[in-house]
file query.txt (compact mmCIF, C-alpha atoms)
# COMPACT_ATOMS: atom_id res chain seq x y z
CA MET A 28 9.79 8.37 16.30
CA LYS A 29 6.12 8.19 17.27
CA VAL A 30 3.77 6.87 14.59
CA ILE A 31 0.07 6.05 14.30
CA LEU A 32 -0.50 2.63 12.76
CA LEU A 33 -2.95 2.67 9.86
CA GLN A 34 -3.09 -1.14 9.73
CA ASP A 35 -2.17 -4.03 12.01
CA VAL A 36 1.61 -4.60 11.91
CA LYS A 37 2.97 -7.87 13.22
CA ASN A 38 5.11 -7.49 16.38
CA ILE A 39 4.44 -3.72 16.46
CA GLY A 40 0.76 -3.12 17.20
CA LYS A 41 -2.80 -2.92 15.97
CA ARG A 42 -4.57 -0.34 13.85
CA ASP A 43 -4.85 3.13 15.49
CA ASP A 44 -2.17 2.35 18.09
CA ILE A 45 0.41 5.03 18.78
CA VAL A 46 3.83 3.40 19.00
CA SER A 47 7.49 4.41 19.06
CA VAL A 48 9.68 2.93 16.34
CA SER A 49 13.14 3.76 15.04
CA ASP A 50 13.37 6.56 12.47
CA GLY A 51 14.79 4.27 9.78
CA TYR A 52 12.07 1.63 10.24
CA ALA A 53 9.39 4.29 9.95
CA ARG A 54 10.91 6.06 6.90
CA ASN A 55 12.03 2.95 5.00
CA PHE A 56 9.29 0.44 5.78
CA LEU A 57 6.14 1.79 7.46
CA PHE A 58 5.64 5.06 5.54
CA PRO A 59 6.32 3.72 1.99
CA LYS A 60 3.92 0.78 2.53
CA LYS A 61 1.33 3.14 4.06
CA LEU A 62 1.23 1.09 7.26
CA ALA A 63 1.73 4.13 9.49
CA ALA A 64 1.60 7.92 9.60
CA GLU A 65 3.58 10.33 11.73
CA ALA A 66 1.92 11.04 15.08
CA THR A 67 0.94 14.70 14.88
CA ALA A 68 -1.21 16.43 17.50
CA GLY A 69 -4.24 16.39 15.19
CA GLY A 70 -3.73 12.71 14.36
CA VAL A 71 -3.48 11.77 18.04
CA LYS A 72 -6.73 13.64 18.80
CA GLU A 73 -8.44 11.87 15.90
CA VAL A 74 -7.35 8.46 17.24
CA GLN A 75 -8.63 9.35 20.71
CA ARG A 76 -11.97 10.48 19.25
CA LYS A 77 -12.30 7.18 17.35
CA ARG A 78 -11.52 5.18 20.50
CA ALA A 79 -14.10 7.09 22.54
CA ALA A 80 -16.76 6.51 19.86
CA GLU A 81 -15.94 2.79 19.70
CA GLU A 82 -16.10 2.49 23.50
CA ALA A 83 -19.52 4.18 23.47
CA ARG A 84 -20.80 1.74 20.81
CA GLU A 85 -19.37 -1.18 22.81
CA ALA A 86 -21.15 0.00 25.98
CA GLU A 87 -24.40 0.36 24.01
CA ARG A 88 -24.17 -3.20 22.64
CA ARG A 89 -23.35 -4.59 26.10
CA GLU A 90 -26.31 -2.74 27.64
CA ALA A 91 -28.66 -4.12 24.96
CA ALA A 92 -27.38 -7.64 25.66
CA ASN A 93 -27.87 -7.15 29.40
CA GLN A 94 -31.47 -6.01 28.80
CA LYS A 95 -32.11 -9.14 26.69
CA ALA A 96 -30.57 -11.24 29.46
CA VAL A 97 -32.93 -9.74 32.03
CA GLN A 98 -35.87 -10.43 29.69
CA LEU A 99 -34.89 -14.07 29.16
CA LYS A 100 -33.93 -14.90 32.74
CA HIS A 101 -36.17 -17.61 34.24
CA LYS A 102 -38.02 -18.11 30.93
CA VAL A 103 -38.75 -21.59 29.58
CA ILE A 104 -38.53 -22.69 25.95
CA ASN A 105 -41.26 -25.24 25.14
CA LEU A 106 -40.66 -27.80 22.40
CA ASN A 107 -43.08 -30.49 21.25
CA VAL A 108 -41.32 -33.38 19.51
CA LYS A 109 -42.14 -36.80 18.15
CA CYS A 110 -41.11 -39.55 20.51
CA GLY A 111 -41.64 -43.22 21.11
CA GLU A 112 -42.60 -45.18 24.18
CA LYS A 113 -40.92 -44.17 27.45
CA GLY A 114 -40.15 -40.64 26.18
CA ARG A 115 -37.23 -41.52 23.89
CA LEU A 116 -36.98 -39.09 20.94
CA TYR A 117 -36.66 -40.03 17.28
CA GLY A 118 -33.31 -38.31 16.78
CA SER A 119 -32.40 -35.36 18.99
CA VAL A 120 -33.29 -31.72 19.56
CA THR A 121 -30.82 -29.42 17.79
CA THR A 122 -29.66 -25.92 18.69
CA ALA A 123 -31.35 -24.67 15.48
CA GLU A 124 -34.72 -25.90 16.76
CA ILE A 125 -34.09 -24.26 20.13
CA ALA A 126 -33.11 -20.96 18.44
CA GLU A 127 -36.25 -21.04 16.29
CA ALA A 128 -38.48 -21.76 19.30
CA LEU A 129 -36.77 -18.99 21.30
CA GLU A 130 -37.52 -16.48 18.54
CA LYS A 131 -41.16 -17.60 18.19
CA GLN A 132 -41.94 -17.77 21.90
CA HIS A 133 -39.92 -14.88 23.34
CA GLY A 134 -39.15 -12.68 20.31
CA VAL A 135 -35.37 -12.84 20.77
CA LYS A 136 -33.31 -13.82 17.75
CA VAL A 137 -30.17 -15.78 18.66
CA ASP A 138 -27.76 -17.58 16.36
CA LYS A 139 -27.84 -21.37 16.80
CA LYS A 140 -24.08 -21.38 17.36
CA LYS A 141 -24.55 -19.28 20.48
CA ILE A 142 -26.68 -21.87 22.25
CA GLU A 143 -24.64 -24.30 24.32
CA LEU A 144 -25.97 -27.71 25.28
CA SER A 145 -24.28 -29.67 28.05
CA GLU A 146 -25.37 -32.90 26.35
CA GLN A 147 -27.56 -33.95 23.45
CA ILE A 148 -31.29 -33.83 24.09
CA LYS A 149 -32.64 -37.31 23.33
CA GLN A 150 -35.19 -37.66 26.12
CA VAL A 151 -38.43 -35.93 27.08
CA GLY A 152 -38.07 -33.59 30.09
CA ASP A 153 -36.40 -30.37 31.17
CA VAL A 154 -32.86 -29.57 30.05
CA GLN A 155 -30.64 -26.64 31.08
CA VAL A 156 -29.02 -24.73 28.19
CA SER A 157 -26.79 -21.67 28.10
CA VAL A 158 -27.56 -18.84 25.64
CA TRP A 159 -24.60 -16.57 24.81
CA LEU A 160 -25.81 -13.05 24.01
CA TYR A 161 -22.60 -11.02 24.09
CA SER A 162 -19.05 -11.24 25.39
CA GLY A 163 -19.45 -12.04 29.08
CA VAL A 164 -23.27 -12.09 28.93
CA THR A 165 -24.79 -15.57 29.04
CA VAL A 166 -28.24 -16.60 30.21
CA PRO A 167 -29.11 -20.02 31.58
CA MET A 168 -32.48 -21.19 30.26
CA VAL A 169 -34.61 -24.29 30.57
CA VAL A 170 -35.84 -26.19 27.51
CA HIS A 171 -39.00 -28.14 28.28
CA VAL A 172 -39.22 -31.05 25.80
CA ALA A 173 -42.70 -32.59 25.67
CA PRO A 174 -44.15 -35.35 23.49
CA MET A 175 -46.18 -34.20 20.49
CA GLU A 176 -49.91 -34.81 20.73
CA LYS A 177 -51.09 -37.47 18.31

call {"tool": "encode", "arguments": {"input": "query.txt", "output": "structure tokens"}}
result
Amino acid sequence: MKVILLQDVKNIGKRDDIVSVSDGYARNFLFPKKLAAEATAGGVKEVQRKRAAEEAREAERREAANQKAVQLKHKVINLNVKCGEKGRLYGSVTTAEIAEALEKQHGVKVDKKKIELSEQIKQVGDVQVSVWLYSGVTVPMVVHVAPMEK
């Protein structure tokens, strides 16, 4: 029997999947627990319409991320920090500080968890960081760390 899953069912499928299950399993388990509904022609069309709408939203989000990536490519994030002699910082530059500077300087809001540092920034100079904007869309950027004027 073909059914449309209304919720994720372990070892069967995810929500809105159309799967074949035995008649007894559908009647005795899936239907009483409202985990699935019988796959009628109207139900199948509804699932296909939902999938098409979700794919369109996904493409829209990916396009917006690609536009942000083009904007940010080859841009530099400037940070002025307190440091001692020989350019050694008091502490280190965090991803939160980089995210805040990115928003102020370039107008792009990015979560601090989506900024990847190859190593901690404890020295004055230029450092390469990777900014994750969307699934499969990352932008390499340069963080220019300079000593704060006294």

call {"tool": "closest_atom_pairs", "arguments": {"input": "query.txt", "of": "stretch 43-112 of chain A", "to": "stretch 158-161 of chain A", "cutoff": "12 Å", "atoms": "only C-alpha atoms", "output": "Markdown table"}}
result
| residue | atom | partner | partner_atom | distance |
| --- | --- | --- | --- | --- |
| A:Glu85 | CA | A:Tyr161 | CA | 10.4 |
| A:Ala86 | CA | A:Tyr161 | CA | 11.3 |
| A:Glu87 | CA | A:Tyr161 | CA | 11.5 |
| A:Arg88 | CA | A:Tyr161 | CA | 8.1 |
| A:Arg89 | CA | A:Tyr161 | CA | 6.8 |
| A:Glu90 | CA | A:Tyr161 | CA | 9.7 |
| A:Ala91 | CA | A:Tyr161 | CA | 9.2 |
| A:Ala92 | CA | A:Leu160 | CA | 5.9 |
| A:Asn93 | CA | A:Leu160 | CA | 8.3 |
| A:Gln94 | CA | A:Leu160 | CA | 10.2 |
| A:Lys95 | CA | A:Leu160 | CA | 7.9 |
| A:Ala96 | CA | A:Leu160 | CA | 7.5 |
| A:Val97 | CA | A:Leu160 | CA | 11.2 |
| A:Gln98 | CA | A:Leu160 | CA | 11.8 |
| A:Leu99 | CA | A:Val158 | CA | 9.4 |
| A:Lys100 | CA | A:Val158 | CA | 10.3 |
| A:Lys102 | CA | A:Val158 | CA | 11.7 |
| A:Ile104 | CA | A:Val158 | CA | 11.6 |

call {"tool": "residues_around", "arguments": {"input": "query.txt", "residues": "A:Leu33", "least_positions_apart": "3", "cutoff": "7 Å", "atoms": "only C-alpha atoms", "output": "list of chain:residue names"}}
result
A:Arg42, A:Asp43, A:Leu62, A:Ala63, A:Ala64

call {"tool": "atom_distance", "arguments": {"input": "query.txt", "atom1": "atom CA of A:Ile31", "atom2": "atom CA of A:Val46"}}
result
6.6 Å

call {"tool": "closest_residue", "arguments": {"input": "query.txt", "among": "A:Pro59, A:Lys149, A:Ala83, A:Lys37", "to": "A:Lys109", "atoms": "all atoms listed in the file"}}
result
A:Lys149

call {"tool": "closest_residue", "arguments": {"input": "query.txt", "among": "A:Lys131, A:His101, A:Lys29, A:Arg84", "to": "A:Val71", "atoms": "all atoms listed in the file"}}
result
A:Lys29

call {"tool": "atom_distance", "arguments": {"input": "query.txt", "atom1": "atom CA of A:Val151", "atom2": "atom CA of A:Val164"}}
result
28.3 Å

call {"tool": "atom_distance", "arguments": {"input": "query.txt", "atom1": "atom CA of A:Ser119", "atom2": "atom CA of A:Gln132"}}
result
20.2 Å

call {"tool": "residues_around", "arguments": {"input": "query.txt", "residues": "A:Leu129", "least_positions_apart": "5", "cutoff": "9 Å", "atoms": "all atoms listed in the file", "output": "list in words"}}
result
Val103, Ile104, Asn105, Glu124, Gly134, Val135, Lys136 and Val137 of chain A

call {"tool": "residues_around", "arguments": {"input": "query.txt", "residues": "A:Pro174", "least_positions_apart": "2", "cutoff": "9 Å", "atoms": "all atoms listed in the file", "output": "list in words"}}
result
Leu106, Asn107, Val108, Lys109, Cys110, Gly111, Gly114, Leu116, Val151, Val172, Glu176 and Lys177 of chain A

call {"tool": "residues_around", "arguments": {"input": "query.txt", "residues": "A:Lys139", "least_positions_apart": "4", "cutoff": "9 Å", "atoms": "all atoms listed in the file", "output": "list of chain:residue names"}}
result
A:Thr121, A:Thr122, A:Ala123, A:Glu124, A:Ile125, A:Ala126, A:Glu127, A:Glu143

call {"tool": "closest_residue", "arguments": {"input": "query.txt", "among": "A:Met28, A:Ile148, A:Val156, A:Val120", "to": "A:Ile45", "atoms": "all atoms listed in the file"}}
result
A:Met28

call {"tool": "closest_residue", "arguments": {"input": "query.txt", "among": "A:Ile142, A:Val154, A:Val30, A:Ala80", "to": "A:Ala68", "atoms": "all atoms listed in the file"}}
result
A:Val30

call {"tool": "closest_residue", "arguments": {"input": "query.txt", "among": "A:Val166, A:Leu144, A:Val36, A:Ala79", "to": "A:Lys60", "atoms": "only C-alpha atoms"}}
result
A:Val36

call {"tool": "axis_aligned_box", "arguments": {"input": "query.txt", "around": "stretch 101-111 of chain A", "padding_each_side": "6 Å", "output": "AutoDock Vina command-line options"}}
result
--center_x -39.6 --center_y -30.4 --center_z 26.2 --size_x 18.9 --size_y 37.6 --size_z 28.1
